[in-house]
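Asks: File name coords16.cif; file contents mmCIF, C-alpha atoms; full text below.
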data_work
#
loop_
_atom_site.label_atom_id
_atom_site.label_comp_id
_atom_site.auth_asym_id
_atom_site.auth_seq_id
_atom_site.Cartn_x
_atom_site.Cartn_y
_atom_site.Cartn_z
CA GLY T 18 -35.15 -62.86 -37.42
CA LEU T 19 -35.07 -62.10 -33.72
CA GLU T 20 -38.36 -62.21 -31.81
CA MET T 21 -39.12 -59.07 -29.80
CA PRO T 22 -38.36 -59.86 -26.13
CA LEU T 23 -41.36 -59.14 -23.90
CA ILE T 24 -39.48 -57.30 -21.14
CA GLY T 25 -37.63 -54.38 -22.64
CA TYR T 26 -35.73 -51.49 -21.12
CA GLY T 27 -37.20 -47.99 -21.43
CA THR T 28 -34.72 -45.11 -21.73
CA CYS T 29 -37.00 -42.07 -21.71
CA CYS T 30 -37.89 -39.17 -19.53
CA ARG T 31 -35.89 -39.50 -16.33
CA ALA T 32 -32.70 -37.98 -14.97
CA SER T 33 -30.93 -41.35 -15.19
CA ALA T 34 -31.72 -41.75 -18.93
CA LYS T 35 -28.83 -39.60 -20.13
CA GLY T 36 -25.05 -39.67 -20.23
CA GLU T 37 -22.95 -42.00 -18.11
CA ALA T 38 -26.00 -43.09 -16.05
CA ILE T 39 -27.84 -44.63 -19.02
CA TYR T 40 -24.62 -46.18 -20.33
CA LYS T 41 -24.14 -47.95 -16.99
CA SER T 42 -27.76 -49.03 -16.45
CA THR T 43 -28.09 -50.33 -20.02
CA GLY T 44 -24.98 -52.42 -19.39
CA ILE T 45 -26.54 -53.78 -16.17
CA TYR T 46 -29.79 -54.63 -17.99
CA LEU T 47 -27.83 -56.58 -20.62
CA LYS T 48 -25.63 -58.28 -18.02
CA LEU T 49 -28.74 -59.47 -16.16
CA GLY T 50 -30.11 -61.08 -19.33
CA GLY T 51 -32.28 -58.31 -20.80
CA ARG T 52 -32.21 -58.14 -24.60
CA HIS T 53 -34.60 -55.36 -25.71
CA ILE T 54 -33.72 -51.66 -25.52
CA ASP T 55 -36.19 -48.90 -26.42
CA THR T 56 -34.78 -45.48 -27.33
CA ALA T 57 -35.60 -42.55 -29.65
CA MET T 58 -34.06 -39.59 -31.44
CA SER T 59 -35.68 -37.27 -28.93
CA TYR T 60 -34.18 -39.04 -25.88
CA GLY T 61 -30.65 -37.92 -26.75
CA ASN T 62 -28.96 -41.12 -25.56
CA HIS T 63 -28.22 -43.14 -28.72
CA ALA T 64 -24.43 -42.88 -28.37
CA GLU T 65 -24.39 -44.12 -24.76
CA ILE T 66 -26.74 -47.00 -25.57
CA GLY T 67 -24.68 -47.94 -28.64
CA ARG T 68 -21.54 -48.01 -26.49
CA ALA T 69 -23.21 -50.18 -23.82
CA VAL T 70 -24.42 -52.65 -26.48
CA LYS T 71 -20.97 -52.84 -28.08
CA GLU T 72 -19.10 -53.23 -24.80
CA SER T 73 -21.50 -55.89 -23.48
CA GLY T 74 -19.80 -58.48 -25.68
CA ILE T 75 -23.24 -59.84 -26.61
CA PRO T 76 -23.63 -60.41 -30.36
CA ARG T 77 -25.65 -57.62 -31.97
CA SER T 78 -27.98 -60.24 -33.48
CA GLU T 79 -29.15 -61.23 -29.97
CA ILE T 80 -30.21 -57.72 -28.89
CA TRP T 81 -33.45 -56.04 -29.98
CA LEU T 82 -32.93 -52.30 -30.54
CA THR T 83 -35.87 -49.94 -31.09
CA SER T 84 -35.58 -46.28 -32.01
CA LYS T 85 -38.05 -43.62 -33.12
CA VAL T 86 -38.02 -40.86 -35.70
CA ALA T 87 -39.00 -37.53 -34.10
CA PRO T 88 -41.72 -35.71 -36.06
CA GLY T 89 -40.68 -32.46 -34.34
CA LYS T 90 -37.30 -32.63 -36.06
CA VAL T 91 -38.13 -34.60 -39.22
CA LYS T 92 -40.73 -33.11 -41.55
CA SER T 93 -40.25 -34.78 -44.95
CA TYR T 94 -39.34 -38.05 -46.68
CA ASN T 95 -35.75 -36.96 -47.36
CA GLU T 96 -35.21 -35.51 -43.89
CA CYS T 97 -36.44 -38.82 -42.52
CA LEU T 98 -34.02 -40.89 -44.62
CA ALA T 99 -31.14 -38.69 -43.38
CA ALA T 100 -32.38 -39.05 -39.79
CA VAL T 101 -32.48 -42.85 -40.10
CA ASP T 102 -28.87 -42.85 -41.30
CA ASN T 103 -27.95 -40.63 -38.36
CA ILE T 104 -29.67 -42.99 -35.89
CA MET T 105 -27.44 -45.83 -37.19
CA ILE T 106 -24.33 -43.66 -36.81
CA GLU T 107 -25.23 -42.58 -33.26
CA LEU T 108 -26.10 -46.13 -32.15
CA ASP T 109 -23.04 -47.43 -34.00
CA THR T 110 -25.05 -50.26 -35.56
CA PRO T 111 -25.72 -51.28 -39.18
CA TYR T 112 -29.45 -51.75 -38.44
CA VAL T 113 -32.12 -51.48 -35.77
CA ASP T 114 -34.74 -54.16 -35.09
CA LEU T 115 -37.64 -51.72 -34.96
CA LEU T 116 -38.10 -48.17 -36.18
CA LEU T 117 -41.17 -46.15 -35.16
CA ILE T 118 -42.70 -42.79 -36.03
CA HIS T 119 -42.89 -41.20 -32.57
CA SER T 120 -46.29 -39.55 -33.04
CA PRO T 121 -48.90 -38.56 -35.64
CA LYS T 122 -48.68 -34.87 -34.73
CA LEU T 123 -47.53 -33.60 -38.15
CA GLY T 124 -50.85 -34.62 -39.69
CA LYS T 125 -51.85 -37.00 -42.42
CA GLU T 126 -49.81 -36.00 -45.50
CA THR T 127 -46.44 -35.56 -43.78
CA THR T 128 -46.91 -38.69 -41.69
CA ILE T 129 -47.54 -40.73 -44.86
CA GLU T 130 -44.20 -39.36 -46.18
CA LEU T 131 -42.46 -40.46 -42.97
CA TRP T 132 -44.14 -43.86 -43.21
CA ASN T 133 -42.87 -44.27 -46.79
CA CYS T 134 -39.40 -43.46 -45.45
CA LEU T 135 -39.71 -46.24 -42.86
CA ILE T 136 -40.92 -48.67 -45.54
CA GLU T 137 -37.84 -47.76 -47.61
CA SER T 138 -35.60 -48.17 -44.54
CA LYS T 139 -36.94 -51.68 -44.05
CA ARG T 140 -36.47 -52.47 -47.72
CA ASN T 141 -32.82 -51.42 -47.61
CA GLY T 142 -32.07 -53.34 -44.42
CA LYS T 143 -31.68 -50.45 -41.99
CA THR T 144 -34.51 -51.81 -39.87
CA LYS T 145 -36.03 -55.28 -39.54
CA SER T 146 -39.52 -54.04 -38.67
CA ILE T 147 -41.48 -50.78 -38.65
CA GLY T 148 -44.26 -49.26 -36.62
CA VAL T 149 -45.65 -46.20 -34.91
CA SER T 150 -46.18 -44.74 -31.45
CA ASN T 151 -49.15 -42.82 -30.05
CA PHE T 152 -51.28 -43.55 -33.16
CA ASN T 153 -54.93 -44.55 -33.07
CA GLN T 154 -56.69 -47.10 -35.26
CA GLY T 155 -57.82 -44.63 -37.93
CA GLU T 156 -54.32 -43.23 -38.29
CA MET T 157 -52.80 -46.68 -38.75
CA GLU T 158 -55.48 -47.58 -41.28
CA THR T 159 -54.71 -44.39 -43.21
CA LEU T 160 -51.05 -45.43 -43.48
CA ALA T 161 -52.06 -48.90 -44.67
CA GLU T 162 -54.48 -47.49 -47.27
CA ALA T 163 -51.87 -45.04 -48.58
CA THR T 164 -48.97 -47.49 -48.77
CA GLY T 165 -50.26 -51.06 -48.52
CA GLN T 166 -48.22 -51.54 -45.33
CA MET T 167 -49.86 -51.65 -41.90
CA PRO T 168 -47.62 -50.83 -38.91
CA GLU T 169 -46.30 -53.99 -37.25
CA VAL T 170 -46.17 -52.31 -33.82
CA ASN T 171 -47.82 -49.43 -31.96
CA GLU T 172 -46.21 -48.16 -28.76
CA ILE T 173 -48.84 -46.53 -26.56
CA GLN T 174 -49.62 -45.71 -22.96
CA GLN T 175 -51.21 -48.83 -21.49
CA HIS T 176 -51.78 -49.68 -17.84
CA PRO T 177 -54.76 -50.87 -15.76
CA TRP T 178 -56.24 -47.36 -15.61
CA SER T 179 -55.65 -46.25 -19.21
CA ALA T 180 -58.58 -44.59 -20.95
CA HIS T 181 -61.14 -47.04 -22.39
CA ALA T 182 -60.28 -46.04 -25.99
CA TRP T 183 -56.64 -47.10 -25.51
CA LYS T 184 -57.64 -50.46 -24.06
CA GLU T 185 -59.96 -51.03 -27.01
CA LEU T 186 -57.12 -50.11 -29.35
CA ALA T 187 -54.81 -52.69 -27.75
CA LYS T 188 -57.51 -55.35 -28.25
CA TRP T 189 -57.98 -54.34 -31.90
CA GLN T 190 -54.22 -54.48 -32.45
CA LYS T 191 -54.06 -57.98 -30.98
CA ASP T 192 -56.82 -59.11 -33.38
CA HIS T 193 -54.86 -57.63 -36.30
CA ASN T 194 -51.43 -59.02 -35.37
CA ILE T 195 -50.07 -55.59 -34.45
CA ALA T 196 -47.85 -55.84 -31.38
CA THR T 197 -48.54 -53.38 -28.56
CA ILE T 198 -45.59 -51.99 -26.63
CA ALA T 199 -46.85 -50.40 -23.41
CA TYR T 200 -45.24 -47.37 -21.85
CA THR T 201 -46.06 -45.71 -18.52
CA SER T 202 -46.78 -49.17 -17.05
CA LEU T 203 -45.85 -47.78 -13.62
CA GLY T 204 -47.30 -44.29 -13.86
CA GLY T 205 -44.37 -42.56 -15.51
CA SER T 206 -41.52 -40.61 -14.00
CA ARG T 207 -43.75 -37.67 -13.01
CA PHE T 208 -45.68 -39.97 -10.69
CA HIS T 209 -42.53 -41.12 -8.96
CA ASN T 210 -40.89 -37.69 -8.97
CA SER T 211 -43.91 -36.31 -7.14
CA GLY T 212 -43.35 -38.86 -4.38
CA GLY T 213 -46.30 -40.86 -5.69
CA GLY T 214 -44.41 -44.12 -5.60
CA THR T 215 -45.97 -45.02 -2.28
CA SER T 216 -49.63 -44.41 -3.14
CA TRP T 217 -50.43 -47.73 -4.77
CA PRO T 218 -54.07 -48.86 -4.69
CA LEU T 219 -54.74 -51.17 -1.75
CA VAL T 220 -55.58 -54.17 -3.94
CA VAL T 221 -52.19 -53.89 -5.66
CA SER T 222 -50.40 -53.82 -2.31
CA LEU T 223 -52.40 -56.82 -1.07
CA LEU T 224 -51.56 -58.83 -4.19
CA ALA T 225 -47.90 -57.88 -3.86
CA LYS T 226 -47.98 -59.23 -0.30
CA LYS T 227 -49.82 -62.40 -1.38
CA TYR T 228 -47.27 -63.25 -4.09
CA ASN T 229 -44.29 -61.88 -2.19
CA VAL T 230 -43.37 -59.42 -4.95
CA THR T 231 -43.38 -55.63 -5.30
CA GLU T 232 -46.35 -53.51 -6.42
CA ALA T 233 -44.44 -52.67 -9.58
CA GLN T 234 -44.08 -56.38 -10.37
CA ILE T 235 -47.85 -56.84 -9.98
CA LEU T 236 -48.57 -54.07 -12.52
CA LEU T 237 -45.96 -55.30 -14.98
CA LYS T 238 -47.36 -58.83 -14.67
CA TRP T 239 -50.84 -57.43 -15.41
CA ALA T 240 -49.39 -56.03 -18.64
CA LEU T 241 -47.64 -59.26 -19.68
CA GLN T 242 -50.82 -61.27 -19.06
CA ASN T 243 -52.61 -58.82 -21.39
CA ASP T 244 -50.09 -59.71 -24.14
CA LEU T 245 -48.36 -56.36 -23.92
CA VAL T 246 -44.63 -55.88 -24.42
CA ILE T 247 -43.30 -53.77 -21.54
CA ILE T 248 -40.41 -51.31 -21.37
CA PRO T 249 -40.04 -50.29 -17.70
CA GLY T 250 -37.11 -47.95 -17.15
CA SER T 251 -35.00 -47.77 -14.03
CA GLY T 252 -31.52 -46.69 -13.05
CA SER T 253 -31.53 -49.17 -10.16
CA GLU T 254 -29.96 -52.61 -10.51
CA VAL T 255 -32.43 -53.98 -7.94
CA HIS T 256 -35.44 -52.79 -9.97
CA ILE T 257 -33.98 -53.91 -13.31
CA ARG T 258 -33.46 -57.39 -11.83
CA GLU T 259 -37.02 -57.47 -10.42
CA ASN T 260 -38.47 -56.48 -13.80
CA LEU T 261 -36.64 -59.30 -15.56
CA LEU T 262 -37.91 -61.95 -13.12
CA LEU T 263 -41.53 -61.49 -14.13
CA ASN T 264 -42.03 -64.35 -16.53
CA THR T 265 -41.56 -67.19 -14.10
CA ASP T 266 -42.61 -66.30 -10.59
CA PHE T 267 -46.41 -66.14 -10.44
CA ASP T 268 -49.66 -65.68 -12.37
CA LEU T 269 -52.57 -63.39 -11.56
CA SER T 270 -56.05 -64.91 -11.77
CA ALA T 271 -58.67 -63.36 -14.06
CA GLN T 272 -60.45 -62.06 -10.97
CA GLU T 273 -57.27 -60.46 -9.65
CA MET T 274 -56.61 -58.84 -13.04
CA LEU T 275 -60.10 -57.29 -12.93
CA SER T 276 -59.77 -56.16 -9.33
CA ILE T 277 -56.63 -54.21 -10.29
CA GLU T 278 -58.43 -52.48 -13.18
CA ASN T 279 -61.40 -51.61 -10.96
CA ALA T 280 -59.21 -50.06 -8.27
CA GLU T 281 -58.97 -46.32 -7.71
CA VAL T 282 -56.38 -44.68 -9.98
CA PRO T 283 -53.21 -43.86 -8.02
CA GLY T 284 -52.83 -40.12 -7.43
CA GLY T 285 -50.39 -38.33 -9.72
CA TRP T 286 -50.43 -40.82 -12.60
CA TRP T 287 -49.99 -39.16 -15.98
CA ASP T 288 -53.46 -37.85 -16.62
CA SER T 289 -54.69 -41.42 -16.48
CA LYS T 290 -58.26 -40.92 -17.56
CA ARG T 291 -57.26 -39.15 -20.75
CA GLY T 292 -53.89 -40.71 -21.44
CA TYR T 293 -50.57 -38.88 -21.23
CA GLN T 294 -51.33 -37.32 -24.61
CA LYS T 295 -54.26 -35.48 -22.99
CA TYR T 296 -56.68 -37.07 -25.45
CA THR T 297 -60.34 -37.01 -24.73
CA GLU T 298 -62.04 -40.32 -25.50
CA GLU T 299 -63.24 -38.80 -28.77
CA GLU T 300 -59.79 -37.59 -29.80
CA ALA T 301 -58.34 -40.99 -28.98
CA SER T 302 -60.70 -42.48 -31.56
CA LEU T 303 -60.65 -39.79 -34.29
CA PRO T 304 -57.76 -39.80 -36.75
CA TRP T 305 -55.41 -36.81 -37.17
CA THR T 306 -56.85 -34.62 -34.42
CA LYS T 307 -54.49 -31.98 -33.10
CA ARG T 308 -52.91 -33.44 -30.00
CA LYS T 309 -49.78 -32.96 -28.03
CA ASN T 310 -47.55 -36.01 -27.91
CA GLY T 311 -44.27 -37.59 -28.86
#
Please re-express this file's structure in structure tokens.
Replies:
Amino acid sequence: GLEMPLIGYGTCCRASAKGEAIYKSTGIYLKLGGRHIDTAMSYGNHAEIGRAVKESGIPRSEIWLTSKVAPGKVKSYNECLAAVDNIMIELDTPYVDLLLIHSPKLGKETTIELWNCLIESKRNGKTKSIGVSNFNQGEMETLAEATGQMPEVNEIQQHPWSAHAWKELAKWQKDHNIATIAYTSLGGSRFHNSGGGTSWPLVVSLLAKKYNVTEAQILLKWALQNDLVIIPGSGSEVHIRENLLLNTDFDLSAQEMLSIENAEVPGGWWDSKRGYQKYTEEEASLPWTKRKNG
């Protein structure tokens, strides 16, 4: 099957991620050579993305499509199966490449039901691979113990200033052949909406100058060199193009990677020390704690 492209396109949580705007920008991303689109039930943009994929003229088999089942709307095995069918209808595709459970917030028993639904969806060809988002190690191990199937992917917040527990999780996933898709690589839309886009740490700005790239490109390169799959979202053709150039232009040294991580957290990043989900370090490590996410 298709390998997951490392530089995806995020379609969440910004004004330009709905309606005609996301239809146009998804088309631009595909035209510029991007081949990995990350969406979800809760983003409300499946139809526009499906239309952009269809009208791109690129064979469906060459584009990686990820969507996510929303635990807020789907609370049982059968509801999940119906939701998966609906995702296919909205995206106007016979299958997706990756289907995720958006969060573990419904607790252990219901989440196992949803996981069984994803296993069934893979068995019947509606998705090529299955995974989770915002789960910790214990929660993934619970799914594996209950069903014999470990998630193939976990999509989590991951950037140089993520909480220690999330960095440890990404390392554990790498050791266990679970791919990590990183979101909030650039601080999330709240950071930029608050005018925070200019308050990069000095070391990031200096490296951007040294390599003649943008600060955003430095942070996305940090992620790629940590074996993360990235899904930066942007409505701007200039930024989409910059994001797709990352593989070839430059490499950060080990020392430079560390100096970024040791820098002061930029103001206004999504609750960086605790993760967007507002986890404490303990919650990030304990399975099935009550936490707000997805």
Asks: Could you list, as JSON, numbers by chain, every residue matched by the PyMOL selection byres ((chain T and resi 202) around 10) in this structure?
Replies: {"T": [174, 175, 176, 177, 178, 179, 199, 200, 201, 203, 204, 205, 233, 236, 237, 238, 239, 240, 247, 248, 249, 250]}
Asks: Neighbouring residues of stretch 105-110 of chain T were defined as those with any atom within 8 Å, considering only C-alpha atoms; residues of the same chain fewer than 3 positions away were excluded. Please report them as a PyMOL selection string.
Replies: chain T and resi 63-68+101-102+113+143
Asks: Applying 7 Å and all atoms listed in the file, which residues near stretch 29-42 of chain T remain after dropping the ones on its own chain fewer than 3 positions away? List them as a list of chain:residue names.
Replies: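 Counting only the stated atoms, we get T:Ile45, T:Tyr46, T:Thr56, T:Tyr60, T:Asn62, T:Glu65, T:Ile66, T:Ala69, T:Ser206, T:Gly252.
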Asks: Starting from the point (-38.7, -36.6, -41.1), work out which residues of protein, DNA or RNA have an atom no more than 10 Å away when counting only C-alpha atoms; state them as an MDAnalysis selection string.
Replies: chainID T and resid 86:101 118 123 127:128 130:132 134:135
Asks: Quick one: pull the distance between atom CA of T:Glu137 and atom CA of T:Gly155, Å, one decimal.
Replies: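 These atoms are spaced 22.4 Å apart.
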Asks: Check what the PyMOL selection byres ((chain T and resi 224) around 12) selects in the file above and give those residues as number ranges by chain.
Replies: T: 217-223, 225-236, 238-239, 267-270, 272-274, 276-277
Asks: To one decimal place in Å, what is the distance between atom CA of T:Ala196 and atom CA of T:Ile24?
Replies: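 It comes out at 13.3 Å.
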Asks: Could the centre and edge lengths of an axis-aligned box, enclosing all atoms of stretch 71-89 of chain T in the file with 4 Å extra on each side, be given in Å to one decimal as AutoDock Vina command-line options?
Replies:
--center_x -30.4 --center_y -46.8 --center_z -29.8 --size_x 30.6 --size_y 36.8 --size_z 20.6
Asks: Rank T:Gln154, T:Thr197, T:Asn279, T:Gln242 by their smallest atom-to-atom distance to T:Leu263, using only C-alpha atoms, and report the top residue only.
Replies: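 Counting only C-alpha atoms, the residue closest to T:Leu263 is T:Gln242.
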Asks: Do you have the atom CA of T:His181-atom CA of T:Asp266 distance handy?
Replies: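 Taking atom CA of T:His181 and atom CA of T:Asp266, their separation equals 29.2 Å.
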Asks: Please evaluate the PyMOL selection byres ((chain T and resi 192-195) around 6) against the structure above and give the resulting residues as number ranges by chain.
Replies: T: 169-170, 189-191, 196
Asks: Give me stretch 145-169 of chain T with N, CA, C and O atoms filled in, as a compact mmCIF listing (two decimals), keeping the file's coordinate frame.
Replies:
# COMPACT_ATOMS: atom_id res chain seq x y z
N LYS T 145 -35.38 -53.98 -39.28
CA LYS T 145 -36.03 -55.28 -39.54
C LYS T 145 -37.55 -55.15 -39.54
O LYS T 145 -38.24 -55.91 -40.21
N SER T 146 -38.07 -54.21 -38.74
CA SER T 146 -39.52 -54.04 -38.67
C SER T 146 -39.84 -52.56 -38.44
O SER T 146 -38.99 -51.79 -38.00
N ILE T 147 -41.09 -52.19 -38.73
CA ILE T 147 -41.48 -50.78 -38.65
C ILE T 147 -42.84 -50.63 -37.98
O ILE T 147 -43.68 -51.53 -38.03
N GLY T 148 -43.01 -49.50 -37.32
CA GLY T 148 -44.26 -49.26 -36.62
C GLY T 148 -44.42 -47.80 -36.26
O GLY T 148 -43.74 -46.92 -36.81
N VAL T 149 -45.31 -47.57 -35.30
CA VAL T 149 -45.65 -46.20 -34.91
C VAL T 149 -45.77 -46.14 -33.39
O VAL T 149 -45.71 -47.16 -32.69
N SER T 150 -45.96 -44.93 -32.87
CA SER T 150 -46.18 -44.74 -31.45
C SER T 150 -47.20 -43.62 -31.27
O SER T 150 -47.16 -42.62 -31.99
N ASN T 151 -48.12 -43.81 -30.34
CA ASN T 151 -49.15 -42.82 -30.05
C ASN T 151 -50.16 -42.63 -31.19
O ASN T 151 -50.82 -41.60 -31.26
N PHE T 152 -50.30 -43.60 -32.07
CA PHE T 152 -51.28 -43.55 -33.16
C PHE T 152 -52.56 -44.24 -32.73
O PHE T 152 -52.54 -45.14 -31.90
N ASN T 153 -53.69 -43.82 -33.30
CA ASN T 153 -54.93 -44.55 -33.07
C ASN T 153 -55.26 -45.41 -34.29
O ASN T 153 -54.51 -45.43 -35.29
N GLN T 154 -56.34 -46.14 -34.21
CA GLN T 154 -56.69 -47.10 -35.26
C GLN T 154 -56.84 -46.42 -36.62
O GLN T 154 -56.29 -46.88 -37.63
N GLY T 155 -57.58 -45.32 -36.66
CA GLY T 155 -57.82 -44.63 -37.93
C GLY T 155 -56.53 -44.16 -38.58
O GLY T 155 -56.37 -44.22 -39.80
N GLU T 156 -55.60 -43.71 -37.76
CA GLU T 156 -54.32 -43.23 -38.29
C GLU T 156 -53.50 -44.38 -38.88
O GLU T 156 -52.88 -44.23 -39.93
N MET T 157 -53.52 -45.52 -38.21
CA MET T 157 -52.80 -46.68 -38.75
C MET T 157 -53.46 -47.17 -40.04
O MET T 157 -52.78 -47.54 -40.99
N GLU T 158 -54.78 -47.15 -40.07
CA GLU T 158 -55.48 -47.58 -41.28
C GLU T 158 -55.20 -46.65 -42.45
O GLU T 158 -55.06 -47.09 -43.59
N THR T 159 -55.07 -45.36 -42.17
CA THR T 159 -54.71 -44.39 -43.21
C THR T 159 -53.36 -44.75 -43.83
O THR T 159 -53.19 -44.72 -45.05
N LEU T 160 -52.38 -45.07 -42.98
CA LEU T 160 -51.05 -45.43 -43.48
C LEU T 160 -51.13 -46.67 -44.36
O LEU T 160 -50.50 -46.75 -45.42
N ALA T 161 -51.92 -47.65 -43.91
CA ALA T 161 -52.06 -48.90 -44.67
C ALA T 161 -52.74 -48.64 -46.02
O ALA T 161 -52.33 -49.20 -47.05
N GLU T 162 -53.78 -47.80 -46.01
CA GLU T 162 -54.48 -47.49 -47.27
C GLU T 162 -53.56 -46.76 -48.25
O GLU T 162 -53.58 -47.00 -49.45
N ALA T 163 -52.74 -45.86 -47.72
CA ALA T 163 -51.87 -45.04 -48.58
C ALA T 163 -50.68 -45.82 -49.14
O ALA T 163 -50.19 -45.52 -50.23
N THR T 164 -50.23 -46.84 -48.41
CA THR T 164 -48.97 -47.49 -48.77
C THR T 164 -49.05 -49.00 -48.94
O THR T 164 -48.11 -49.63 -49.42
N GLY T 165 -50.15 -49.60 -48.48
CA GLY T 165 -50.26 -51.06 -48.52
C GLY T 165 -49.53 -51.74 -47.37
O GLY T 165 -49.46 -52.97 -47.31
N GLN T 166 -48.98 -50.96 -46.45
CA GLN T 166 -48.22 -51.54 -45.33
C GLN T 166 -48.79 -51.05 -44.00
O GLN T 166 -48.73 -49.87 -43.68
N MET T 167 -49.35 -51.97 -43.24
CA MET T 167 -49.86 -51.65 -41.90
C MET T 167 -48.69 -51.66 -40.91
O MET T 167 -47.79 -52.49 -41.04
N PRO T 168 -48.66 -50.74 -39.93
CA PRO T 168 -47.62 -50.83 -38.91
C PRO T 168 -47.62 -52.21 -38.23
O PRO T 168 -48.67 -52.79 -38.00
N GLU T 169 -46.42 -52.69 -37.92
CA GLU T 169 -46.30 -53.99 -37.25
C GLU T 169 -46.40 -53.84 -35.73
O GLU T 169 -46.64 -54.82 -35.02
